[in-house]
file model.csv (CSV, C-alpha atoms and all ligand atoms)
chain,number,residue,atom,x,y,z
A,1,MET,CA,121.9,19.0,-30.9
A,2,SER,CA,118.4,18.5,-29.6
A,3,HIS,CA,117.7,20.8,-26.7
A,4,ILE,CA,114.8,20.3,-24.4
A,5,LEU,CA,113.4,23.1,-22.3
A,6,LEU,CA,112.0,21.7,-19.0
A,7,LEU,CA,109.4,23.5,-16.9
A,8,ASN,CA,108.4,22.6,-13.4
A,9,CYS,CA,105.6,24.9,-12.3
A,10,GLY,CA,104.6,25.3,-8.6
A,11,SER,CA,101.8,27.5,-7.3
A,12,SER,CA,104.0,30.6,-7.2
A,13,SER,CA,107.2,29.4,-9.0
A,14,ILE,CA,108.6,28.1,-12.2
A,15,LYS,CA,111.8,26.0,-12.2
A,16,TYR,CA,113.4,25.5,-15.6
A,17,GLN,CA,116.4,23.9,-17.3
A,18,LEU,CA,117.7,23.8,-20.8
A,19,LEU,CA,119.5,20.6,-21.6
A,20,ASP,CA,120.5,18.1,-24.3
A,21,PRO,CA,119.6,14.7,-23.0
A,22,GLU,CA,122.6,13.2,-24.8
A,23,VAL,CA,125.0,15.5,-23.0
A,24,GLY,CA,123.3,15.5,-19.6
A,25,ALA,CA,124.6,18.6,-17.8
A,26,PRO,CA,122.2,21.6,-18.2
A,27,GLU,CA,123.2,24.6,-20.3
A,28,ALA,CA,121.0,26.9,-18.3
A,29,VAL,CA,119.0,26.6,-15.1
A,30,GLY,CA,116.6,29.2,-13.6
A,31,LEU,CA,113.8,29.9,-11.2
A,32,VAL,CA,110.9,32.4,-11.2
A,33,GLU,CA,109.7,33.0,-7.7
A,34,ARG,CA,106.8,34.8,-6.1
A,35,ILE,CA,104.5,34.8,-9.1
A,36,GLY,CA,101.3,36.7,-8.3
A,37,LEU,CA,102.9,38.7,-5.5
A,38,GLU,CA,103.9,42.4,-5.4
A,39,VAL,CA,107.4,41.7,-6.5
A,40,GLY,CA,108.8,38.5,-8.0
A,41,THR,CA,112.3,37.5,-9.0
A,42,ILE,CA,113.8,35.6,-11.8
A,43,THR,CA,117.2,34.0,-11.6
A,44,HIS,CA,118.9,32.7,-14.7
A,45,GLU,CA,122.2,30.8,-14.6
A,46,VAL,CA,124.4,30.1,-17.6
A,47,GLY,CA,127.7,28.5,-16.7
A,48,ASP,CA,129.2,30.6,-13.9
A,49,ASN,CA,127.1,33.7,-14.8
A,50,GLU,CA,124.0,34.5,-12.8
A,51,PHE,CA,121.4,37.0,-14.0
A,52,ARG,CA,118.7,38.2,-11.7
A,53,GLU,CA,115.8,40.6,-12.1
A,54,SER,CA,113.1,41.7,-9.7
A,55,ARG,CA,109.6,42.8,-10.9
A,56,PRO,CA,106.0,41.6,-10.6
A,57,PHE,CA,104.9,38.5,-12.5
A,58,ALA,CA,101.1,38.6,-12.5
A,59,ASP,CA,100.7,34.9,-13.5
A,60,HIS,CA,102.4,32.0,-15.0
A,61,THR,CA,102.0,33.4,-18.5
A,62,GLU,CA,104.1,36.5,-17.5
A,63,GLY,CA,106.5,34.1,-15.7
A,64,VAL,CA,107.1,32.0,-18.8
A,65,ALA,CA,107.4,35.1,-21.0
A,66,ALA,CA,110.2,36.3,-18.6
A,67,VAL,CA,111.9,33.0,-18.9
A,68,VAL,CA,112.0,33.3,-22.7
A,69,LYS,CA,113.2,36.9,-22.4
A,70,MET,CA,116.1,35.8,-20.2
A,71,PHE,CA,117.2,33.3,-22.9
A,72,GLN,CA,116.9,36.0,-25.5
A,73,ASP,CA,118.9,38.5,-23.5
A,74,HIS,CA,121.5,36.3,-22.0
A,75,GLY,CA,121.4,33.0,-24.0
A,76,PRO,CA,121.7,30.3,-24.8
A,77,SER,CA,119.5,30.6,-27.9
A,78,LEU,CA,116.2,28.7,-27.8
A,79,ASP,CA,116.3,28.3,-31.6
A,80,ASP,CA,117.3,24.6,-31.4
A,81,VAL,CA,114.8,23.6,-28.7
A,82,VAL,CA,112.9,20.6,-30.2
A,83,ALA,CA,110.3,20.2,-27.4
A,84,VAL,CA,109.2,21.5,-24.0
A,85,GLY,CA,108.8,19.0,-21.2
A,86,HIS,CA,106.3,19.8,-18.4
A,87,ARG,CA,106.5,18.2,-15.0
A,88,THR,CA,102.9,17.2,-14.2
A,89,VAL,CA,102.2,15.8,-10.8
A,90,HIS,CA,99.1,13.8,-11.1
A,91,GLY,CA,98.1,11.7,-14.2
A,92,GLY,CA,95.4,9.8,-12.4
A,93,SER,CA,94.4,6.6,-14.1
A,94,THR,CA,94.2,8.5,-17.4
A,95,PHE,CA,97.9,9.0,-18.1
A,96,VAL,CA,100.1,6.0,-17.7
A,97,GLU,CA,103.0,7.4,-19.7
A,98,SER,CA,104.5,10.7,-20.9
A,99,THR,CA,102.1,12.3,-23.4
A,100,LEU,CA,102.2,14.8,-26.2
A,101,VAL,CA,100.0,17.7,-25.2
A,102,ASP,CA,97.0,18.6,-27.3
A,103,ALA,CA,93.6,20.1,-26.6
A,104,GLY,CA,92.2,16.7,-25.5
A,105,VAL,CA,95.0,16.2,-23.0
A,106,ILE,CA,94.5,19.7,-21.6
A,107,ALA,CA,90.8,18.9,-21.1
A,108,LYS,CA,91.6,15.7,-19.3
A,109,LEU,CA,94.2,17.4,-17.1
A,110,GLU,CA,91.6,19.9,-16.1
A,111,GLU,CA,89.4,17.1,-15.0
A,112,LEU,CA,92.2,15.7,-12.9
A,113,SER,CA,92.8,19.0,-11.1
A,114,ASP,CA,90.3,17.9,-8.4
A,115,LEU,CA,92.7,15.0,-7.5
A,116,ALA,CA,95.7,17.3,-7.1
A,117,PRO,CA,94.3,20.7,-6.4
A,118,LEU,CA,97.7,22.0,-5.1
A,119,HIS,CA,99.8,20.7,-7.9
A,120,ASN,CA,98.0,20.2,-11.2
A,121,PRO,CA,96.5,23.8,-11.7
A,122,PRO,CA,100.0,25.5,-11.8
A,123,GLY,CA,101.3,22.8,-14.1
A,124,LEU,CA,98.4,23.4,-16.5
A,125,ALA,CA,98.9,27.2,-16.3
A,126,GLY,CA,102.6,26.5,-17.2
A,127,ILE,CA,101.6,24.4,-20.2
A,128,ARG,CA,99.2,27.0,-21.5
A,129,ALA,CA,101.7,29.8,-21.0
A,130,ALA,CA,104.5,27.9,-22.7
A,131,GLN,CA,102.3,27.0,-25.6
A,132,GLU,CA,101.5,30.6,-26.1
A,133,VAL,CA,105.1,31.8,-26.1
A,134,LEU,CA,106.6,28.7,-27.8
A,135,PRO,CA,103.8,27.7,-30.2
A,136,ASP,CA,106.0,26.0,-32.8
A,137,VAL,CA,107.4,23.2,-30.7
A,138,PRO,CA,105.7,20.1,-29.3
A,139,HIS,CA,104.9,20.1,-25.6
A,140,VAL,CA,105.1,16.9,-23.6
A,141,ALA,CA,103.5,16.2,-20.2
A,142,ILE,CA,105.6,14.0,-17.9
A,143,PHE,CA,103.7,12.5,-15.0
A,144,ASP,CA,105.0,11.8,-11.4
A,145,THR,CA,102.4,9.0,-11.2
A,146,ALA,CA,103.1,7.2,-14.5
A,147,PHE,CA,105.9,4.9,-13.3
A,148,PHE,CA,103.4,3.5,-10.8
A,149,SER,CA,100.7,2.6,-13.3
A,150,THR,CA,102.0,-0.9,-13.1
A,151,LEU,CA,101.1,-1.5,-9.4
A,152,PRO,CA,99.0,-4.6,-9.1
A,153,ALA,CA,95.4,-4.1,-8.0
A,154,GLU,CA,96.1,-5.6,-4.5
A,155,ALA,CA,98.7,-2.9,-4.0
A,156,TYR,CA,96.8,0.1,-5.3
A,157,THR,CA,93.3,-0.7,-3.9
A,158,TYR,CA,92.3,0.9,-0.6
A,159,ALA,CA,90.1,-1.3,1.6
A,160,ILE,CA,87.2,1.1,1.5
A,161,ASP,CA,83.7,0.9,-0.1
A,162,GLN,CA,84.5,0.1,-3.7
A,163,GLU,CA,81.5,2.0,-5.1
A,164,VAL,CA,82.9,5.2,-3.5
A,165,ALA,CA,86.5,4.4,-4.5
A,166,LYS,CA,85.6,3.8,-8.1
A,167,ARG,CA,83.3,6.7,-8.4
A,168,LEU,CA,85.9,9.2,-7.1
A,169,GLY,CA,89.1,7.6,-8.4
A,170,ILE,CA,90.3,6.8,-4.9
A,171,ARG,CA,93.3,4.5,-5.1
A,172,LYS,CA,97.1,4.6,-4.6
A,173,TYR,CA,98.8,6.4,-7.4
A,174,GLY,CA,102.3,7.0,-6.2
A,175,PHE,CA,104.6,10.0,-6.9
A,176,HIS,CA,108.2,10.8,-7.6
A,177,GLY,CA,107.9,8.3,-10.4
A,178,THR,CA,110.4,9.9,-12.7
A,179,SER,CA,113.1,9.6,-10.0
A,180,HIS,CA,112.2,6.0,-9.0
A,181,SER,CA,112.3,5.0,-12.7
A,182,TYR,CA,115.6,6.7,-13.4
A,183,VAL,CA,117.3,5.6,-10.2
A,184,SER,CA,116.2,1.9,-10.6
A,185,LYS,CA,117.6,1.9,-14.1
A,186,GLU,CA,120.9,3.4,-12.9
A,187,ALA,CA,121.1,0.9,-10.1
A,188,ALA,CA,120.8,-2.0,-12.6
A,189,LYS,CA,123.6,-0.4,-14.7
A,190,PHE,CA,125.7,-0.2,-11.5
A,191,LEU,CA,125.0,-3.8,-10.7
A,192,ASP,CA,125.9,-4.6,-14.4
A,193,ARG,CA,122.8,-6.7,-14.8
A,194,PRO,CA,119.8,-6.5,-17.1
A,195,ILE,CA,117.1,-4.6,-15.2
A,196,GLU,CA,114.6,-7.4,-16.1
A,197,GLU,CA,116.6,-9.7,-13.7
A,198,THR,CA,116.8,-7.4,-10.8
A,199,LYS,CA,114.8,-6.7,-7.6
A,200,ILE,CA,115.4,-3.2,-6.4
A,201,ILE,CA,114.1,-1.0,-3.6
A,202,VAL,CA,114.6,2.7,-4.1
A,203,CYS,CA,114.4,5.2,-1.1
A,204,HIS,CA,113.8,8.7,-2.5
A,205,LEU,CA,114.5,10.7,0.6
A,206,GLY,CA,114.3,14.5,0.0
A,207,ASN,CA,112.0,17.1,1.5
A,208,GLY,CA,109.3,14.8,0.2
A,209,ALA,CA,110.1,11.1,0.6
A,210,SER,CA,108.9,7.9,-0.9
A,211,ILE,CA,110.0,4.3,-1.3
A,212,SER,CA,109.3,1.9,-4.2
A,213,ALA,CA,109.7,-1.8,-4.9
A,214,VAL,CA,110.8,-2.4,-8.5
A,215,ASP,CA,110.7,-6.0,-9.8
A,216,GLY,CA,112.4,-6.5,-13.2
A,217,GLY,CA,112.1,-2.8,-13.9
A,218,VAL,CA,108.4,-2.8,-13.1
A,219,ALA,CA,107.1,-0.9,-10.0
A,220,ILE,CA,105.0,-3.2,-7.7
A,221,GLU,CA,104.7,-1.1,-4.6
A,222,THR,CA,105.2,2.5,-3.4
A,223,SER,CA,104.6,4.4,-0.3
A,224,MET,CA,102.8,7.6,-1.5
A,225,GLY,CA,99.1,7.1,-2.2
A,226,LEU,CA,96.1,9.1,-3.5
A,227,THR,CA,98.1,12.1,-2.6
A,228,PRO,CA,101.8,12.7,-1.7
A,229,LEU,CA,100.9,12.7,2.0
A,230,GLN,CA,100.9,8.9,2.6
A,231,GLY,CA,103.9,6.8,3.6
A,232,LEU,CA,107.3,7.9,5.0
A,233,VAL,CA,108.0,10.7,7.5
A,234,MET,CA,108.9,13.7,5.4
A,235,GLY,CA,110.2,17.3,6.0
A,236,THR,CA,106.8,18.7,6.9
A,237,ARG,CA,104.4,15.9,6.0
A,238,SER,CA,103.3,13.2,8.5
A,239,GLY,CA,103.2,10.3,6.2
A,240,ASP,CA,101.1,7.4,7.6
A,241,VAL,CA,98.8,8.2,10.5
A,242,ASP,CA,95.6,6.5,11.8
A,243,PRO,CA,92.8,7.6,9.4
A,244,GLY,CA,90.7,8.0,12.6
A,245,LEU,CA,92.9,11.0,13.5
A,246,HIS,CA,90.9,13.3,11.2
A,247,LYS,CA,87.6,12.8,13.0
A,248,TYR,CA,89.3,13.1,16.4
A,249,LEU,CA,90.9,16.4,15.5
A,250,VAL,CA,87.8,17.8,13.9
A,251,GLY,CA,85.4,16.5,16.6
A,252,ALA,CA,87.3,16.5,19.9
A,253,ALA,CA,89.8,19.3,19.1
A,254,GLY,CA,87.4,21.5,17.1
A,255,MET,CA,89.7,21.9,14.1
A,256,THR,CA,88.4,22.5,10.6
A,257,ILE,CA,89.3,20.0,7.9
A,258,ASP,CA,91.5,22.6,6.2
A,259,GLU,CA,93.4,23.0,9.5
A,260,VAL,CA,93.8,19.3,9.7
A,261,ASP,CA,95.1,19.3,6.2
A,262,THR,CA,97.6,22.1,7.0
A,263,LEU,CA,98.7,20.3,10.2
A,264,LEU,CA,99.5,17.0,8.3
A,265,ASN,CA,101.1,18.6,5.2
A,266,LYS,CA,102.9,21.6,6.6
A,267,LYS,CA,103.4,21.2,10.4
A,268,SER,CA,104.2,17.5,10.7
A,269,GLY,CA,107.0,15.2,9.7
A,270,MET,CA,110.4,16.3,11.0
A,271,ALA,CA,109.1,19.9,11.4
A,272,GLY,CA,106.4,18.7,13.7
A,273,LEU,CA,108.5,16.2,15.6
A,274,CYS,CA,111.5,18.4,16.3
A,275,GLY,CA,111.2,21.7,14.5
A,276,HIS,CA,114.0,20.9,12.0
A,277,THR,CA,113.2,20.1,8.4
A,278,ASP,CA,116.8,19.9,7.2
A,279,MET,CA,118.7,16.8,8.1
A,280,ARG,CA,121.9,18.8,8.6
A,281,ASP,CA,120.1,20.7,11.4
A,282,VAL,CA,118.9,17.4,12.7
A,283,LYS,CA,122.4,16.1,13.0
A,284,THR,CA,123.7,19.3,14.7
A,285,ALA,CA,120.9,19.2,17.3
A,286,ILE,CA,121.5,15.5,18.0
A,287,ASP,CA,125.3,16.1,18.3
A,288,GLU,CA,124.4,18.8,20.9
A,289,GLY,CA,122.4,16.2,22.9
A,290,ASP,CA,118.8,17.2,21.9
A,291,GLU,CA,116.7,14.2,22.9
A,292,GLN,CA,113.5,15.3,21.0
A,293,THR,CA,115.5,15.6,17.8
A,294,GLN,CA,116.9,12.1,18.4
A,295,LEU,CA,113.4,10.8,18.8
A,296,ALA,CA,112.4,12.5,15.5
A,297,LEU,CA,115.2,10.7,13.7
A,298,ASP,CA,114.3,7.4,15.4
A,299,VAL,CA,110.7,7.8,14.2
A,300,TYR,CA,112.0,8.6,10.7
A,301,VAL,CA,114.3,5.5,10.6
A,302,HIS,CA,111.7,3.2,12.3
A,303,ARG,CA,109.1,4.0,9.5
A,304,LEU,CA,111.6,3.5,6.7
A,305,VAL,CA,112.9,0.2,8.1
A,306,GLY,CA,109.3,-1.1,8.3
A,307,TYR,CA,108.7,-0.2,4.7
A,308,ILE,CA,112.0,-1.8,3.5
A,309,GLY,CA,111.2,-5.1,5.4
A,310,SER,CA,107.7,-5.1,3.9
A,311,TYR,CA,109.0,-4.5,0.4
A,312,ILE,CA,111.6,-7.3,0.7
A,313,ALA,CA,108.6,-9.6,1.5
A,314,HIS,CA,106.6,-8.3,-1.5
A,315,LEU,CA,109.5,-8.6,-3.9
A,316,GLY,CA,110.4,-12.1,-2.5
A,317,GLY,CA,114.0,-11.0,-1.9
A,318,VAL,CA,116.0,-8.0,-3.0
A,319,ASP,CA,119.3,-7.5,-4.9
A,320,ALA,CA,119.9,-3.8,-4.1
A,321,LEU,CA,118.6,-1.1,-1.7
A,322,VAL,CA,119.2,2.3,-3.2
A,323,PHE,CA,119.3,5.7,-1.5
A,324,THR,CA,118.7,8.8,-3.5
A,325,ALA,CA,117.6,12.6,-3.3
A,326,GLY,CA,118.9,15.2,-0.9
A,327,ILE,CA,118.8,13.1,2.3
A,328,GLY,CA,119.5,9.7,0.6
A,329,GLU,CA,122.5,11.0,-1.2
A,330,ASN,CA,124.0,13.1,1.6
A,331,ALA,CA,122.9,12.1,5.1
A,332,ALA,CA,125.1,9.2,6.3
A,333,HIS,CA,123.5,9.7,9.8
A,334,VAL,CA,120.2,8.6,8.3
A,335,ARG,CA,121.4,5.8,6.1
A,336,GLY,CA,123.6,4.3,8.9
A,337,PRO,CA,120.9,3.5,11.5
A,338,VAL,CA,118.6,2.2,8.7
A,339,ILE,CA,121.2,-0.3,7.5
A,340,ARG,CA,122.3,-1.3,11.0
A,341,LYS,CA,118.7,-2.1,11.9
A,342,LEU,CA,118.5,-4.4,8.8
A,343,LYS,CA,121.4,-6.6,10.0
A,344,ALA,CA,119.1,-9.5,10.7
A,345,LEU,CA,118.1,-9.6,7.0
A,346,GLY,CA,121.7,-9.9,6.0
A,347,PHE,CA,122.6,-6.2,5.4
A,348,GLU,CA,126.2,-5.3,6.3
A,349,LEU,CA,127.1,-1.6,6.2
A,350,ASP,CA,130.6,-0.4,5.2
A,351,GLU,CA,130.9,2.3,7.8
A,352,ASP,CA,133.8,4.1,6.0
A,353,ALA,CA,132.0,4.1,2.6
A,354,ASN,CA,128.9,5.4,4.2
A,355,ALA,CA,130.8,8.2,5.9
A,356,THR,CA,132.6,9.3,2.7
A,357,ARG,CA,130.9,12.1,0.7
A,358,ALA,CA,130.9,11.7,-3.1
A,359,LYS,CA,128.8,12.9,-6.0
A,360,GLN,CA,128.9,9.8,-8.1
A,361,ALA,CA,127.0,6.5,-7.7
A,362,ARG,CA,128.6,4.2,-5.1
A,363,GLU,CA,128.2,1.2,-2.9
A,364,ILE,CA,128.1,1.5,0.9
A,365,SER,CA,127.7,-2.2,1.8
A,366,THR,CA,130.5,-4.6,2.6
A,367,PRO,CA,131.3,-7.6,0.2
A,368,GLU,CA,129.7,-9.9,2.8
A,369,SER,CA,126.4,-8.1,2.7
A,370,LYS,CA,123.6,-10.3,1.3
A,371,VAL,CA,122.0,-7.2,-0.2
A,372,ARG,CA,124.0,-4.5,-2.0
A,373,VAL,CA,123.4,-1.0,-0.7
A,374,LEU,CA,123.9,1.8,-3.2
A,375,VAL,CA,123.8,5.6,-3.2
A,376,ILE,CA,122.8,6.8,-6.6
A,377,PRO,CA,122.2,10.5,-7.4
A,378,THR,CA,118.8,11.1,-8.9
A,379,ASN,CA,118.6,13.4,-11.9
A,380,GLU,CA,114.9,14.1,-12.5
A,381,GLU,CA,115.6,16.8,-15.1
A,382,LEU,CA,117.7,14.5,-17.2
A,383,ALA,CA,115.1,11.7,-16.9
A,384,MET,CA,112.4,14.2,-17.9
A,385,ALA,CA,114.4,15.4,-20.9
A,386,GLN,CA,115.0,11.8,-22.0
A,387,GLU,CA,111.3,11.1,-21.7
A,388,THR,CA,110.4,14.2,-23.7
A,389,LEU,CA,112.8,13.3,-26.5
A,390,ALA,CA,111.4,9.7,-26.5
A,391,VAL,CA,107.8,11.0,-26.9
A,392,ILE,CA,108.6,13.3,-29.8
A,393,SER,CA,110.7,10.6,-31.5
A,394,LYS,CA,107.8,8.1,-31.6
B,401,LIG,P1,115.6,17.4,-2.0
B,401,LIG,O1,114.1,17.6,-1.7
B,401,LIG,O2,115.9,16.1,-2.7
B,401,LIG,O3,116.2,18.6,-2.6
B,401,LIG,O4,116.3,17.2,-0.6
B,401,LIG,C1,116.4,18.3,0.3
B,401,LIG,C2,116.8,17.8,1.7
B,401,LIG,O5,118.0,17.1,1.6
B,401,LIG,C3,117.1,18.9,2.7
B,401,LIG,O6,115.9,19.4,3.3
B,401,LIG,C4,118.0,18.3,3.7
B,401,LIG,O7,117.3,17.6,4.7
B,401,LIG,C5,118.7,17.2,2.9
B,401,LIG,N1,120.1,17.5,2.6
B,401,LIG,C6,120.6,18.2,1.6
B,401,LIG,N2,122.0,18.3,1.7
B,401,LIG,C7,122.3,17.6,2.8
B,401,LIG,C8,123.6,17.3,3.5
B,401,LIG,N3,124.7,17.7,3.0
B,401,LIG,N4,123.5,16.5,4.6
B,401,LIG,C9,122.3,16.1,5.1
B,401,LIG,N5,121.1,16.3,4.5
B,401,LIG,C10,121.1,17.1,3.4
call {"tool": "encode", "arguments": {"input": "model.csv", "output": "structure tokens"}}
result
Amino acid sequence: MSHILLLNCGSSSIKYQLLDPEVGAPEAVGLVERIGLEVGTITHEVGDNEFRESRPFADHTEGVAAVVKMFQDHGPSLDDVVAVGHRTVHGGSTFVESTLVDAGVIAKLEELSDLAPLHNPPGLAGIRAAQEVLPDVPHVAIFDTAFFSTLPAEAYTYAIDQEVAKRLGIRKYGFHGTSHSYVSKEAAKFLDRPIEETKIIVCHLGNGASISAVDGGVAIETSMGLTPLQGLVMGTRSGDVDPGLHKYLVGAAGMTIDEVDTLLNKKSGMAGLCGHTDMRDVKTAIDEGDEQTQLALDVYVHRLVGYIGSYIAHLGGVDALVFTAGIGENAAHVRGPVIRKLKALGFELDEDANATRAKQAREISTPESKVRVLVIPTNEELAMAQETLAVISK
């Protein structure tokens, strides 16, 4: 048994799982919430049992200590944990693969915090805290950006002054890499073909959303950029807008740059378009005849179809289009209009298969479709555990 403890630290939360990558299903999952607030909570689930405590957690160190205490009090034992895997959002150009954490890595991650001010500092705090309470096992950083380190220069370079770009590390990095990597490999397995011989487009549609083009297992394009704001319409994020919008909002509308940032990250996307971030609520509102919500979904689908068309061109054809994450796996009313709009490119939707709910990987195109359309559940935790094990086995 080689158990991996996975930590995913947000600004005020720690999500965790204990799992054996060879088994797959987690043995314990949990969540620490409201770190730094007056009262926080920790929820620890083992099988059908849920344990919950409410008390203050001053910082991530106290949060991680509470996680360890939950394992001590309610199991399973952490004795056979062979490594801790840490989800790390931004690896910049420095980290192109999952990496064993040492003092040098921590110093470099600190430098990268400027690139991901919202995401990397909590991740670093989690690494430090976990090293303190679990000092005898290796710690591995797994980067959301690493899978996209293979993008060709013409895909990752922004057409701006290159002196500024190079000095400040401004380029497309891409995110959700662990999911895109895992799902593209699972898709190749589903197609029963060596991944080296496949051209795959992965649509990771969750609260955050991104799409990637994967040629022979290698990522060649993706929609998120310097930050996770670029690209598709998301739950609360705008995705692509005219870069001139910032000056207009600051100049003509008198907003501060922080207000613009909040507008684009928190009050845009589906939330800004129709007030609903959850695609189930979107469906209900559309079924009730809400035209604004219909427009929101149309914008969402329009953006996605445009990216898919462009990625087919970049790949020079495509074998499979794959939907994954909360919306991709569950929302037939999103997948349906996307595939119907791609009919001219040879896509044929199997309406019944699309409408059928299932947890396992499945195909939703007809045998006549020129491109196979798949729904494949993502499993970022399993992928991270596999990565962690691979790093410590090197
Ligand atoms: P994720 O970020 O991958 O956890 O995805 C979360 C999103 O998935 C939610 O905000 C919903 O929009 C969507 N979602 C989850 N379950 C369903 C469902 N049964 N039907 C439609 N959308 C769903």
call {"tool": "residues_around", "arguments": {"input": "model.csv", "residues": "Cys203 of chain A", "least_positions_apart": "6", "cutoff": "8 Å", "atoms": "all atoms listed in the file", "output": "ChimeraX atom specification"}}
result
/A:209-212,321-324,328
call {"tool": "closest_atom_pairs", "arguments": {"input": "model.csv", "of": "chain A", "to": "ligand LIG 401 (chain B)", "cutoff": "9 Å", "atoms": "only C-alpha atoms and all ligand atoms", "output": "JSON lines"}}
result
{"residue": "A:His204", "atom": "CA", "partner": "B:LIG401", "partner_atom": "O2", "distance": 7.7}
{"residue": "A:Leu205", "atom": "CA", "partner": "B:LIG401", "partner_atom": "O2", "distance": 6.5}
{"residue": "A:Gly206", "atom": "CA", "partner": "B:LIG401", "partner_atom": "O4", "distance": 3.4}
{"residue": "A:Asn207", "atom": "CA", "partner": "B:LIG401", "partner_atom": "O1", "distance": 3.9}
{"residue": "A:Gly208", "atom": "CA", "partner": "B:LIG401", "partner_atom": "O1", "distance": 5.9}
{"residue": "A:Ala209", "atom": "CA", "partner": "B:LIG401", "partner_atom": "O1", "distance": 8.0}
{"residue": "A:Gly235", "atom": "CA", "partner": "B:LIG401", "partner_atom": "O6", "distance": 6.6}
{"residue": "A:His276", "atom": "CA", "partner": "B:LIG401", "partner_atom": "O7", "distance": 8.7}
{"residue": "A:Thr277", "atom": "CA", "partner": "B:LIG401", "partner_atom": "O6", "distance": 5.8}
{"residue": "A:Asp278", "atom": "CA", "partner": "B:LIG401", "partner_atom": "O7", "distance": 3.4}
{"residue": "A:Met279", "atom": "CA", "partner": "B:LIG401", "partner_atom": "O7", "distance": 3.8}
{"residue": "A:Arg280", "atom": "CA", "partner": "B:LIG401", "partner_atom": "C9", "distance": 4.4}
{"residue": "A:Asp281", "atom": "CA", "partner": "B:LIG401", "partner_atom": "O7", "distance": 7.9}
{"residue": "A:Val282", "atom": "CA", "partner": "B:LIG401", "partner_atom": "O7", "distance": 8.2}
{"residue": "A:Lys283", "atom": "CA", "partner": "B:LIG401", "partner_atom": "C9", "distance": 7.9}
{"residue": "A:Thr324", "atom": "CA", "partner": "B:LIG401", "partner_atom": "O2", "distance": 7.9}
{"residue": "A:Ala325", "atom": "CA", "partner": "B:LIG401", "partner_atom": "O2", "distance": 3.9}
{"residue": "A:Gly326", "atom": "CA", "partner": "B:LIG401", "partner_atom": "O5", "distance": 3.3}
{"residue": "A:Ile327", "atom": "CA", "partner": "B:LIG401", "partner_atom": "O5", "distance": 4.1}
{"residue": "A:Gly328", "atom": "CA", "partner": "B:LIG401", "partner_atom": "O5", "distance": 7.6}
{"residue": "A:Glu329", "atom": "CA", "partner": "B:LIG401", "partner_atom": "C7", "distance": 7.7}
{"residue": "A:Asn330", "atom": "CA", "partner": "B:LIG401", "partner_atom": "N4", "distance": 4.6}
{"residue": "A:Ala331", "atom": "CA", "partner": "B:LIG401", "partner_atom": "C9", "distance": 4.0}
{"residue": "A:Ala332", "atom": "CA", "partner": "B:LIG401", "partner_atom": "C9", "distance": 7.5}
{"residue": "A:His333", "atom": "CA", "partner": "B:LIG401", "partner_atom": "C9", "distance": 8.0}
{"residue": "A:Val334", "atom": "CA", "partner": "B:LIG401", "partner_atom": "C9", "distance": 8.4}
{"residue": "A:Arg357", "atom": "CA", "partner": "B:LIG401", "partner_atom": "N3", "distance": 8.7}
{"residue": "A:Thr378", "atom": "CA", "partner": "B:LIG401", "partner_atom": "O2", "distance": 8.5}
call {"tool": "write_last_selection", "arguments": {"input": "model.csv", "atoms": "C-alpha atoms", "output": "PDB file, keeping the file's coordinate frame"}}
result
ATOM      1  CA  HIS A 204     113.800   8.700  -2.500  1.00  0.00           C
ATOM      2  CA  LEU A 205     114.500  10.700   0.600  1.00  0.00           C
ATOM      3  CA  GLY A 206     114.300  14.500   0.000  1.00  0.00           C
ATOM      4  CA  ASN A 207     112.000  17.100   1.500  1.00  0.00           C
ATOM      5  CA  GLY A 208     109.300  14.800   0.200  1.00  0.00           C
ATOM      6  CA  ALA A 209     110.100  11.100   0.600  1.00  0.00           C
ATOM      7  CA  GLY A 235     110.200  17.300   6.000  1.00  0.00           C
ATOM      8  CA  HIS A 276     114.000  20.900  12.000  1.00  0.00           C
ATOM      9  CA  THR A 277     113.200  20.100   8.400  1.00  0.00           C
ATOM     10  CA  ASP A 278     116.800  19.900   7.200  1.00  0.00           C
ATOM     11  CA  MET A 279     118.700  16.800   8.100  1.00  0.00           C
ATOM     12  CA  ARG A 280     121.900  18.800   8.600  1.00  0.00           C
ATOM     13  CA  ASP A 281     120.100  20.700  11.400  1.00  0.00           C
ATOM     14  CA  VAL A 282     118.900  17.400  12.700  1.00  0.00           C
ATOM     15  CA  LYS A 283     122.400  16.100  13.000  1.00  0.00           C
ATOM     16  CA  THR A 324     118.700   8.800  -3.500  1.00  0.00           C
ATOM     17  CA  ALA A 325     117.600  12.600  -3.300  1.00  0.00           C
ATOM     18  CA  GLY A 326     118.900  15.200  -0.900  1.00  0.00           C
ATOM     19  CA  ILE A 327     118.800  13.100   2.300  1.00  0.00           C
ATOM     20  CA  GLY A 328     119.500   9.700   0.600  1.00  0.00           C
ATOM     21  CA  GLU A 329     122.500  11.000  -1.200  1.00  0.00           C
ATOM     22  CA  ASN A 330     124.000  13.100   1.600  1.00  0.00           C
ATOM     23  CA  ALA A 331     122.900  12.100   5.100  1.00  0.00           C
ATOM     24  CA  ALA A 332     125.100   9.200   6.300  1.00  0.00           C
ATOM     25  CA  HIS A 333     123.500   9.700   9.800  1.00  0.00           C
ATOM     26  CA  VAL A 334     120.200   8.600   8.300  1.00  0.00           C
ATOM     27  CA  ARG A 357     130.900  12.100   0.700  1.00  0.00           C
ATOM     28  CA  THR A 378     118.800  11.100  -8.900  1.00  0.00           C
TER      29      THR A 378
END
call {"tool": "residues_around", "arguments": {"input": "model.csv", "residues": "segment 39-48 of chain A", "least_positions_apart": "4", "cutoff": "8 Å", "atoms": "all atoms listed in the file", "output": "ChimeraX atom specification"}}
result
/A:27-35,52-57,66-67,70,75-76
